[in-house]
file run12.tsv (TSV, C-alpha atoms)
chain	number	residue	atom	x	y	z
R	1	MET	CA	0.00	0.00	0.00
R	2	LYS	CA	1.23	3.50	-0.79
R	3	ASN	CA	2.47	5.83	1.94
R	4	ILE	CA	0.06	8.79	2.03
R	5	TRP	CA	1.59	10.90	4.81
R	6	ASP	CA	2.86	14.44	4.28
R	7	THR	CA	5.55	14.86	6.93
R	8	GLU	CA	7.01	18.13	5.67
R	9	TYR	CA	5.39	20.25	8.41
R	10	GLU	CA	4.22	17.72	10.95
R	11	THR	CA	5.43	14.44	12.32
R	12	LYS	CA	3.62	12.09	14.66
R	13	ALA	CA	5.02	9.06	16.40
R	14	PRO	CA	3.85	5.72	15.03
R	15	VAL	CA	1.01	4.01	16.87
R	16	THR	CA	2.06	1.09	19.03
R	17	GLU	CA	0.49	-2.37	19.03
R	18	ARG	CA	-0.67	-1.75	22.60
R	19	GLU	CA	-2.44	1.48	21.57
R	20	VAL	CA	-4.18	-0.38	18.74
R	21	ILE	CA	-5.38	-3.14	21.10
R	22	GLU	CA	-6.60	-0.59	23.67
R	23	ALA	CA	-8.44	1.44	21.01
R	24	GLU	CA	-10.14	-1.66	19.55
R	25	LYS	CA	-11.19	-2.77	23.03
R	26	LYS	CA	-12.55	0.67	23.91
R	27	LEU	CA	-14.43	0.98	20.61
R	28	GLY	CA	-15.61	-2.65	20.48
R	29	ILE	CA	-14.54	-3.07	16.84
R	30	LYS	CA	-11.67	-4.37	14.72
R	31	LEU	CA	-9.73	-1.63	12.93
R	32	PRO	CA	-8.79	-2.28	9.29
R	33	GLU	CA	-5.30	-3.75	8.91
R	34	ALA	CA	-4.48	-1.23	6.17
R	35	TYR	CA	-5.38	1.63	8.52
R	36	ILE	CA	-3.29	0.17	11.34
R	37	GLU	CA	-0.31	-0.27	9.02
R	38	LEU	CA	-0.50	3.39	7.92
R	39	CYS	CA	-0.76	4.52	11.54
R	40	LYS	CA	2.34	2.47	12.34
R	41	ILE	CA	4.19	4.73	9.89
R	42	HIS	CA	2.64	8.01	11.05
R	43	ASN	CA	-0.28	8.13	13.49
R	44	GLY	CA	-2.58	10.48	11.60
R	45	GLY	CA	-2.13	13.90	10.06
R	46	SER	CA	-1.85	15.61	6.71
R	47	ILE	CA	-1.63	13.54	3.55
R	48	ILE	CA	0.03	14.20	0.19
R	49	TYR	CA	-3.25	13.81	-1.71
R	50	ASP	CA	-6.31	16.05	-1.63
R	51	SER	CA	-9.18	14.15	-3.26
R	52	PHE	CA	-11.15	10.95	-3.64
R	53	PRO	CA	-13.29	10.36	-6.75
R	54	THR	CA	-17.08	10.02	-6.63
R	55	SER	CA	-19.62	8.92	-9.20
R	56	VAL	CA	-22.14	11.56	-8.07
R	57	ARG	CA	-22.11	15.27	-7.33
R	58	THR	CA	-21.24	16.15	-3.74
R	59	GLY	CA	-21.01	19.37	-1.77
R	60	TRP	CA	-17.41	19.58	-2.97
R	61	ALA	CA	-17.60	18.98	-6.70
R	62	ASP	CA	-19.22	17.03	-9.51
R	63	ASP	CA	-16.73	14.18	-9.28
R	64	HIS	CA	-14.80	14.11	-5.99
R	65	VAL	CA	-14.60	14.93	-2.28
R	66	SER	CA	-11.76	16.65	-0.46
R	67	VAL	CA	-9.44	14.52	1.67
R	68	THR	CA	-6.40	16.31	3.08
R	69	SER	CA	-5.84	14.43	6.35
R	70	ILE	CA	-6.60	11.17	8.11
R	71	ALA	CA	-7.22	10.91	11.85
R	72	GLY	CA	-4.89	8.70	13.86
R	73	ILE	CA	-5.55	6.15	16.58
R	74	ASP	CA	-5.57	8.48	19.59
R	75	GLU	CA	-7.75	10.83	21.63
R	76	GLU	CA	-7.33	13.61	19.07
R	77	GLY	CA	-8.15	11.19	16.25
R	78	ILE	CA	-10.71	8.42	15.92
R	79	LEU	CA	-11.18	8.11	19.68
R	80	SER	CA	-12.84	11.57	19.65
R	81	SER	CA	-15.52	10.35	17.20
R	82	SER	CA	-18.23	9.91	19.86
R	83	TYR	CA	-17.95	13.58	20.84
R	84	TYR	CA	-18.45	14.79	17.25
R	85	ILE	CA	-21.17	12.22	16.57
R	86	GLU	CA	-23.17	13.67	19.46
R	87	GLU	CA	-22.36	17.31	18.67
R	88	TRP	CA	-23.25	17.05	14.96
R	89	GLU	CA	-26.02	14.44	15.34
R	90	LEU	CA	-24.21	11.95	13.12
R	91	PRO	CA	-25.11	8.27	12.78
R	92	GLU	CA	-23.88	6.01	15.58
R	93	ASN	CA	-21.22	3.34	14.99
R	94	ILE	CA	-18.93	5.30	12.70
R	95	LEU	CA	-15.31	6.40	13.22
R	96	LEU	CA	-14.47	9.81	11.82
R	97	LEU	CA	-11.37	10.08	9.64
R	98	GLU	CA	-11.76	13.70	8.54
R	99	GLY	CA	-14.33	16.48	8.47
R	100	ASP	CA	-15.29	19.94	9.58
R	101	GLY	CA	-18.78	19.52	11.03
R	102	HIS	CA	-20.68	20.12	7.81
R	103	TRP	CA	-19.15	17.08	6.10
R	104	TRP	CA	-17.28	13.98	7.26
R	105	ILE	CA	-15.39	10.98	5.95
R	106	ALA	CA	-15.77	7.95	8.20
R	107	MET	CA	-15.33	4.23	8.65
R	108	ASP	CA	-18.87	2.83	8.73
R	109	TYR	CA	-19.37	0.20	11.45
R	110	ARG	CA	-23.19	0.44	11.45
R	111	GLU	CA	-23.63	-3.04	9.95
R	112	ARG	CA	-20.41	-4.82	10.94
R	113	ASN	CA	-17.61	-4.79	13.52
R	114	GLU	CA	-14.72	-5.22	11.08
R	115	ASN	CA	-13.61	-4.29	7.55
R	116	PRO	CA	-15.96	-1.28	7.31
R	117	PRO	CA	-16.71	0.64	4.13
R	118	ILE	CA	-15.59	4.27	3.95
R	119	ILE	CA	-18.41	6.80	3.70
R	120	TYR	CA	-18.86	10.52	3.02
R	121	ILE	CA	-21.51	12.34	5.07
R	122	ASP	CA	-22.78	15.75	3.97
R	123	LEU	CA	-24.97	17.48	6.56
R	124	GLU	CA	-25.81	20.39	4.26
R	125	ALA	CA	-27.24	18.32	1.39
R	126	SER	CA	-30.94	18.40	0.57
R	127	VAL	CA	-31.26	14.89	2.08
R	128	ASP	CA	-30.12	15.10	5.68
R	129	PRO	CA	-27.74	13.48	6.16
R	130	PHE	CA	-26.54	12.58	2.69
R	131	ILE	CA	-24.41	9.44	3.00
R	132	LEU	CA	-22.35	8.13	0.10
R	133	GLU	CA	-20.17	5.01	0.17
R	134	LEU	CA	-16.77	6.05	-1.17
R	135	ALA	CA	-14.97	2.71	-0.97
R	136	PRO	CA	-15.77	-0.84	0.16
R	137	ASP	CA	-12.83	-0.82	2.60
R	138	PHE	CA	-9.98	1.35	3.87
R	139	LYS	CA	-7.34	-0.14	1.57
R	140	SER	CA	-9.45	0.64	-1.52
R	141	PHE	CA	-10.01	4.14	-0.15
R	142	VAL	CA	-6.27	4.79	0.19
R	143	GLU	CA	-5.57	3.36	-3.25
R	144	GLY	CA	-8.15	5.75	-4.74
R	145	LEU	CA	-6.72	8.95	-3.25
R	146	TYR	CA	-5.28	11.38	-5.78
R	147	THR	CA	-4.30	15.03	-6.27
R	148	HIS	CA	-7.06	16.91	-8.09
R	149	GLU	CA	-5.99	19.16	-10.96
R	150	ASP	CA	-8.24	22.18	-11.60
call {"tool": "encode", "arguments": {"input": "run12.tsv", "output": "structure tokens"}}
result
Amino acid sequence: MKNIWDTEYETKAPVTEREVIEAEKKLGIKLPEAYIELCKIHNGGSIIYDSFPTSVRTGWADDHVSVTSIAGIDEEGILSSSYYIEEWELPENILLLEGDGHWWIAMDYRERNENPPIIYIDLEASVDPFILELAPDFKSFVEGLYTHED
């Protein structure tokens, strides 16, 4: 799998196996292996890509959504998901990877406890909330990231 991290301005220590086990126990789910492997390189932060393609129009564009960072396995990352889920009235059983309150990219654990699809949630769409599956799993999501040319 490709390394997505942009470490020019920010570096984060790799996640440890113990931190992964503790997070999975606290959340009651199994994190995707591809996500864990990336967090073992750099535990969240800015990425070198800025987009993921979509087949439908979103709040971002006709053909993609913005993705400029991925949350790590820590209290500032995916372990803060429950706070934002409550604050923004998001669906339960998701782990937030990126977002600003009006839109989110998340791992969707609503129907399973492992290998979740990656979804885009737009709270300002005409259907509230608008939920679009971006990728069937985290590895496919990472492989689909690209830099959008205007």
call {"tool": "residues_around", "arguments": {"input": "run12.tsv", "residues": "range 27-36 of chain R", "least_positions_apart": "6", "cutoff": "10 Å", "atoms": "only C-alpha atoms", "output": "PDB file with C-alpha atoms, keeping the file's coordinate frame"}}
result
ATOM      1  CA  MET R   1       0.000   0.000   0.000  1.00  0.00           C
ATOM      2  CA  PRO R  14       3.850   5.720  15.030  1.00  0.00           C
ATOM      3  CA  VAL R  15       1.010   4.010  16.870  1.00  0.00           C
ATOM      4  CA  THR R  16       2.060   1.090  19.030  1.00  0.00           C
ATOM      5  CA  GLU R  17       0.490  -2.370  19.030  1.00  0.00           C
ATOM      6  CA  VAL R  20      -4.180  -0.380  18.740  1.00  0.00           C
ATOM      7  CA  ILE R  21      -5.380  -3.140  21.100  1.00  0.00           C
ATOM      8  CA  HIS R  42       2.640   8.010  11.050  1.00  0.00           C
ATOM      9  CA  ASN R  43      -0.280   8.130  13.490  1.00  0.00           C
ATOM     10  CA  GLY R  44      -2.580  10.480  11.600  1.00  0.00           C
ATOM     11  CA  ILE R  70      -6.600  11.170   8.110  1.00  0.00           C
ATOM     12  CA  GLY R  72      -4.890   8.700  13.860  1.00  0.00           C
ATOM     13  CA  ILE R  73      -5.550   6.150  16.580  1.00  0.00           C
ATOM     14  CA  ILE R  78     -10.710   8.420  15.920  1.00  0.00           C
ATOM     15  CA  LEU R  79     -11.180   8.110  19.680  1.00  0.00           C
ATOM     16  CA  SER R  82     -18.230   9.910  19.860  1.00  0.00           C
ATOM     17  CA  ASN R  93     -21.220   3.340  14.990  1.00  0.00           C
ATOM     18  CA  LEU R  95     -15.310   6.400  13.220  1.00  0.00           C
ATOM     19  CA  MET R 107     -15.330   4.230   8.650  1.00  0.00           C
ATOM     20  CA  TYR R 109     -19.370   0.200  11.450  1.00  0.00           C
ATOM     21  CA  ARG R 112     -20.410  -4.820  10.940  1.00  0.00           C
ATOM     22  CA  ASN R 113     -17.610  -4.790  13.520  1.00  0.00           C
ATOM     23  CA  GLU R 114     -14.720  -5.220  11.080  1.00  0.00           C
ATOM     24  CA  ASN R 115     -13.610  -4.290   7.550  1.00  0.00           C
ATOM     25  CA  PRO R 116     -15.960  -1.280   7.310  1.00  0.00           C
ATOM     26  CA  PRO R 117     -16.710   0.640   4.130  1.00  0.00           C
ATOM     27  CA  ASP R 137     -12.830  -0.820   2.600  1.00  0.00           C
ATOM     28  CA  PHE R 138      -9.980   1.350   3.870  1.00  0.00           C
ATOM     29  CA  LYS R 139      -7.340  -0.140   1.570  1.00  0.00           C
ATOM     30  CA  SER R 140      -9.450   0.640  -1.520  1.00  0.00           C
ATOM     31  CA  PHE R 141     -10.010   4.140  -0.150  1.00  0.00           C
ATOM     32  CA  VAL R 142      -6.270   4.790   0.190  1.00  0.00           C
TER      33      VAL R 142
END
call {"tool": "atom_distance", "arguments": {"input": "run12.tsv", "atom1": "CA of Asp150 in chain R", "atom2": "CA of Thr11 in chain R"}}
result
28.6 Å
call {"tool": "atom_distance", "arguments": {"input": "run12.tsv", "atom1": "CA of Glu143 in chain R", "atom2": "CA of Glu22 in chain R"}}
result
27.2 Å
call {"tool": "residues_near_point", "arguments": {"input": "run12.tsv", "point": "(-24.5, 18.3, -2.1)", "cutoff": "6 Å", "atoms": "only C-alpha atoms", "output": "NGL selection string"}}
result
:R and (58-59 or 125)
call {"tool": "atom_distance", "arguments": {"input": "run12.tsv", "atom1": "CA of Thr147 in chain R", "atom2": "CA of Ile48 in chain R"}}
result
7.8 Å
call {"tool": "residues_around", "arguments": {"input": "run12.tsv", "residues": "Leu97 in chain R", "least_positions_apart": "4", "cutoff": "6 Å", "atoms": "all atoms listed in the file", "output": "PDB file with C-alpha atoms, keeping the file's coordinate frame"}}
result
ATOM      1  CA  ILE R  70      -6.600  11.170   8.110  1.00  0.00           C
ATOM      2  CA  ALA R  71      -7.220  10.910  11.850  1.00  0.00           C
ATOM      3  CA  ILE R 105     -15.390  10.980   5.950  1.00  0.00           C
ATOM      4  CA  ALA R 106     -15.770   7.950   8.200  1.00  0.00           C
TER       5      ALA R 106
END
call {"tool": "residues_around", "arguments": {"input": "run12.tsv", "residues": "Glu149 in chain R", "least_positions_apart": "4", "cutoff": "12 Å", "atoms": "all atoms listed in the file", "output": "list in words"}}
result
Tyr49, Asp50, Ser51, Asp63 and His64 of chain R
call {"tool": "write_last_selection", "arguments": {"input": "run12.tsv", "atoms": "C-alpha atoms", "output": "PDB file, in the coordinates of the input"}}
result
ATOM      1  CA  TYR R  49      -3.250  13.810  -1.710  1.00  0.00           C
ATOM      2  CA  ASP R  50      -6.310  16.050  -1.630  1.00  0.00           C
ATOM      3  CA  SER R  51      -9.180  14.150  -3.260  1.00  0.00           C
ATOM      4  CA  ASP R  63     -16.730  14.180  -9.280  1.00  0.00           C
ATOM      5  CA  HIS R  64     -14.800  14.110  -5.990  1.00  0.00           C
TER       6      HIS R  64
END
call {"tool": "residues_around", "arguments": {"input": "run12.tsv", "residues": "Ile119 in chain R", "least_positions_apart": "6", "cutoff": "9 Å", "atoms": "all atoms listed in the file", "output": "PyMOL selection string"}}
result
chain R and resi 104-108+131-136
call {"tool": "write_last_selection", "arguments": {"input": "run12.tsv", "atoms": "C-alpha atoms", "output": "JSON list (two decimals), in the coordinates of the input"}}
result
[["chain", "number", "residue", "atom", "x", "y", "z"],
["R", 104, "TRP", "CA", -17.28, 13.98, 7.26],
["R", 105, "ILE", "CA", -15.39, 10.98, 5.95],
["R", 106, "ALA", "CA", -15.77, 7.95, 8.20],
["R", 107, "MET", "CA", -15.33, 4.23, 8.65],
["R", 108, "ASP", "CA", -18.87, 2.83, 8.73],
["R", 131, "ILE", "CA", -24.41, 9.44, 3.00],
["R", 132, "LEU", "CA", -22.35, 8.13, 0.10],
["R", 133, "GLU", "CA", -20.17, 5.01, 0.17],
["R", 134, "LEU", "CA", -16.77, 6.05, -1.17],
["R", 135, "ALA", "CA", -14.97, 2.71, -0.97],
["R", 136, "PRO", "CA", -15.77, -0.84, 0.16]]
call {"tool": "closest_residue", "arguments": {"input": "run12.tsv", "among": "R:Lys2, R:Arg57, R:Phe52, R:Gly99", "to": "Ser81 in chain R", "atoms": "all atoms listed in the file"}}
result
R:Gly99
call {"tool": "build_atoms", "arguments": {"input": "run12.tsv", "residues": "range 109-144 of chain R", "atoms": "N, CA and C atoms", "output": "mmCIF file, in the coordinates of the input"}}
result
data_model
loop_
_atom_site.group_PDB
_atom_site.id
_atom_site.type_symbol
_atom_site.label_atom_id
_atom_site.label_comp_id
_atom_site.auth_asym_id
_atom_site.auth_seq_id
_atom_site.Cartn_x
_atom_site.Cartn_y
_atom_site.Cartn_z
ATOM 1 N N TYR R 109 -19.193 1.445 10.698
ATOM 2 C CA TYR R 109 -19.370 0.200 11.450
ATOM 3 C C TYR R 109 -20.840 -0.052 11.786
ATOM 4 N N ARG R 110 -21.768 0.591 11.113
ATOM 5 C CA ARG R 110 -23.190 0.440 11.450
ATOM 6 C C ARG R 110 -23.699 -0.984 11.211
ATOM 7 N N GLU R 111 -23.131 -1.700 10.263
ATOM 8 C CA GLU R 111 -23.630 -3.040 9.950
ATOM 9 C C GLU R 111 -22.626 -4.148 10.210
ATOM 10 N N ARG R 112 -21.425 -3.799 10.670
ATOM 11 C CA ARG R 112 -20.410 -4.820 10.940
ATOM 12 C C ARG R 112 -19.379 -4.276 11.925
ATOM 13 N N ASN R 113 -18.621 -5.173 12.529
ATOM 14 C CA ASN R 113 -17.610 -4.790 13.520
ATOM 15 C C ASN R 113 -16.188 -4.860 12.973
ATOM 16 N N GLU R 114 -16.039 -5.204 11.690
ATOM 17 C CA GLU R 114 -14.720 -5.220 11.080
ATOM 18 C C GLU R 114 -14.829 -4.966 9.587
ATOM 19 N N ASN R 115 -13.699 -4.582 8.985
ATOM 20 C CA ASN R 115 -13.610 -4.290 7.550
ATOM 21 C C ASN R 115 -14.739 -3.359 7.067
ATOM 22 N N PRO R 116 -14.853 -2.176 7.659
ATOM 23 C CA PRO R 116 -15.960 -1.280 7.310
ATOM 24 C C PRO R 116 -15.738 -0.558 5.982
ATOM 25 N N PRO R 117 -16.842 -0.229 5.294
ATOM 26 C CA PRO R 117 -16.710 0.640 4.130
ATOM 27 C C PRO R 117 -16.371 2.058 4.583
ATOM 28 N N ILE R 118 -15.892 2.866 3.666
ATOM 29 C CA ILE R 118 -15.590 4.270 3.950
ATOM 30 C C ILE R 118 -16.718 5.103 3.334
ATOM 31 N N ILE R 119 -17.276 6.001 4.144
ATOM 32 C CA ILE R 119 -18.410 6.800 3.700
ATOM 33 C C ILE R 119 -18.118 8.296 3.780
ATOM 34 N N TYR R 120 -18.873 9.049 2.999
ATOM 35 C CA TYR R 120 -18.860 10.520 3.020
ATOM 36 C C TYR R 120 -20.234 10.939 3.519
ATOM 37 N N ILE R 121 -20.262 11.828 4.504
ATOM 38 C CA ILE R 121 -21.510 12.340 5.070
ATOM 39 C C ILE R 121 -21.544 13.842 4.849
ATOM 40 N N ASP R 122 -22.602 14.321 4.213
ATOM 41 C CA ASP R 122 -22.780 15.750 3.970
ATOM 42 C C ASP R 122 -24.026 16.208 4.714
ATOM 43 N N LEU R 123 -23.851 17.016 5.745
ATOM 44 C CA LEU R 123 -24.970 17.480 6.560
ATOM 45 C C LEU R 123 -25.692 18.671 5.958
ATOM 46 N N GLU R 124 -25.164 19.237 4.884
ATOM 47 C CA GLU R 124 -25.810 20.390 4.260
ATOM 48 C C GLU R 124 -26.514 20.037 2.952
ATOM 49 N N ALA R 125 -26.569 18.761 2.618
ATOM 50 C CA ALA R 125 -27.240 18.320 1.390
ATOM 51 C C ALA R 125 -28.755 18.391 1.584
ATOM 52 N N SER R 126 -29.483 18.320 0.494
ATOM 53 C CA SER R 126 -30.940 18.400 0.570
ATOM 54 C C SER R 126 -31.539 17.202 1.311
ATOM 55 N N VAL R 127 -30.857 16.051 1.289
ATOM 56 C CA VAL R 127 -31.260 14.890 2.080
ATOM 57 C C VAL R 127 -30.359 14.897 3.301
ATOM 58 N N ASP R 128 -30.935 14.941 4.482
ATOM 59 C CA ASP R 128 -30.120 15.100 5.680
ATOM 60 C C ASP R 128 -30.134 13.832 6.514
ATOM 61 N N PRO R 129 -29.019 13.203 6.816
ATOM 62 C CA PRO R 129 -27.740 13.480 6.160
ATOM 63 C C PRO R 129 -27.611 12.695 4.854
ATOM 64 N N PHE R 130 -26.870 13.255 3.943
ATOM 65 C CA PHE R 130 -26.540 12.580 2.690
ATOM 66 C C PHE R 130 -25.345 11.690 2.974
ATOM 67 N N ILE R 131 -25.494 10.387 2.752
ATOM 68 C CA ILE R 131 -24.410 9.440 3.000
ATOM 69 C C ILE R 131 -24.093 8.712 1.704
ATOM 70 N N LEU R 132 -22.828 8.754 1.330
ATOM 71 C CA LEU R 132 -22.350 8.130 0.100
ATOM 72 C C LEU R 132 -21.214 7.185 0.437
ATOM 73 N N GLU R 133 -21.298 5.927 -0.018
ATOM 74 C CA GLU R 133 -20.170 5.010 0.170
ATOM 75 C C GLU R 133 -19.090 5.379 -0.831
ATOM 76 N N LEU R 134 -17.905 5.698 -0.314
ATOM 77 C CA LEU R 134 -16.770 6.050 -1.170
ATOM 78 C C LEU R 134 -15.999 4.808 -1.605
ATOM 79 N N ALA R 135 -15.776 3.899 -0.671
ATOM 80 C CA ALA R 135 -14.970 2.710 -0.970
ATOM 81 C C ALA R 135 -15.454 1.548 -0.113
ATOM 82 N N PRO R 136 -15.301 0.317 -0.604
ATOM 83 C CA PRO R 136 -15.770 -0.840 0.160
ATOM 84 C C PRO R 136 -14.932 -1.150 1.398
ATOM 85 N N ASP R 137 -13.711 -0.599 1.443
ATOM 86 C CA ASP R 137 -12.830 -0.820 2.600
ATOM 87 C C ASP R 137 -11.747 0.254 2.619
ATOM 88 N N PHE R 138 -10.995 0.299 3.706
ATOM 89 C CA PHE R 138 -9.980 1.350 3.870
ATOM 90 C C PHE R 138 -8.867 1.234 2.840
ATOM 91 N N LYS R 139 -8.425 0.033 2.547
ATOM 92 C CA LYS R 139 -7.340 -0.140 1.570
ATOM 93 C C LYS R 139 -7.745 0.414 0.207
ATOM 94 N N SER R 140 -8.961 0.108 -0.242
ATOM 95 C CA SER R 140 -9.450 0.640 -1.520
ATOM 96 C C SER R 140 -9.549 2.162 -1.478
ATOM 97 N N PHE R 141 -9.930 2.692 -0.319
ATOM 98 C CA PHE R 141 -10.010 4.140 -0.150
ATOM 99 C C PHE R 141 -8.635 4.772 -0.354
ATOM 100 N N VAL R 142 -7.625 4.248 0.314
ATOM 101 C CA VAL R 142 -6.270 4.790 0.190
ATOM 102 C C VAL R 142 -5.772 4.681 -1.244
ATOM 103 N N GLU R 143 -6.020 3.553 -1.873
ATOM 104 C CA GLU R 143 -5.570 3.360 -3.250
ATOM 105 C C GLU R 143 -6.243 4.319 -4.222
ATOM 106 N N GLY R 144 -7.436 4.823 -3.877
ATOM 107 C CA GLY R 144 -8.150 5.750 -4.740
ATOM 108 C C GLY R 144 -7.822 7.211 -4.536
#
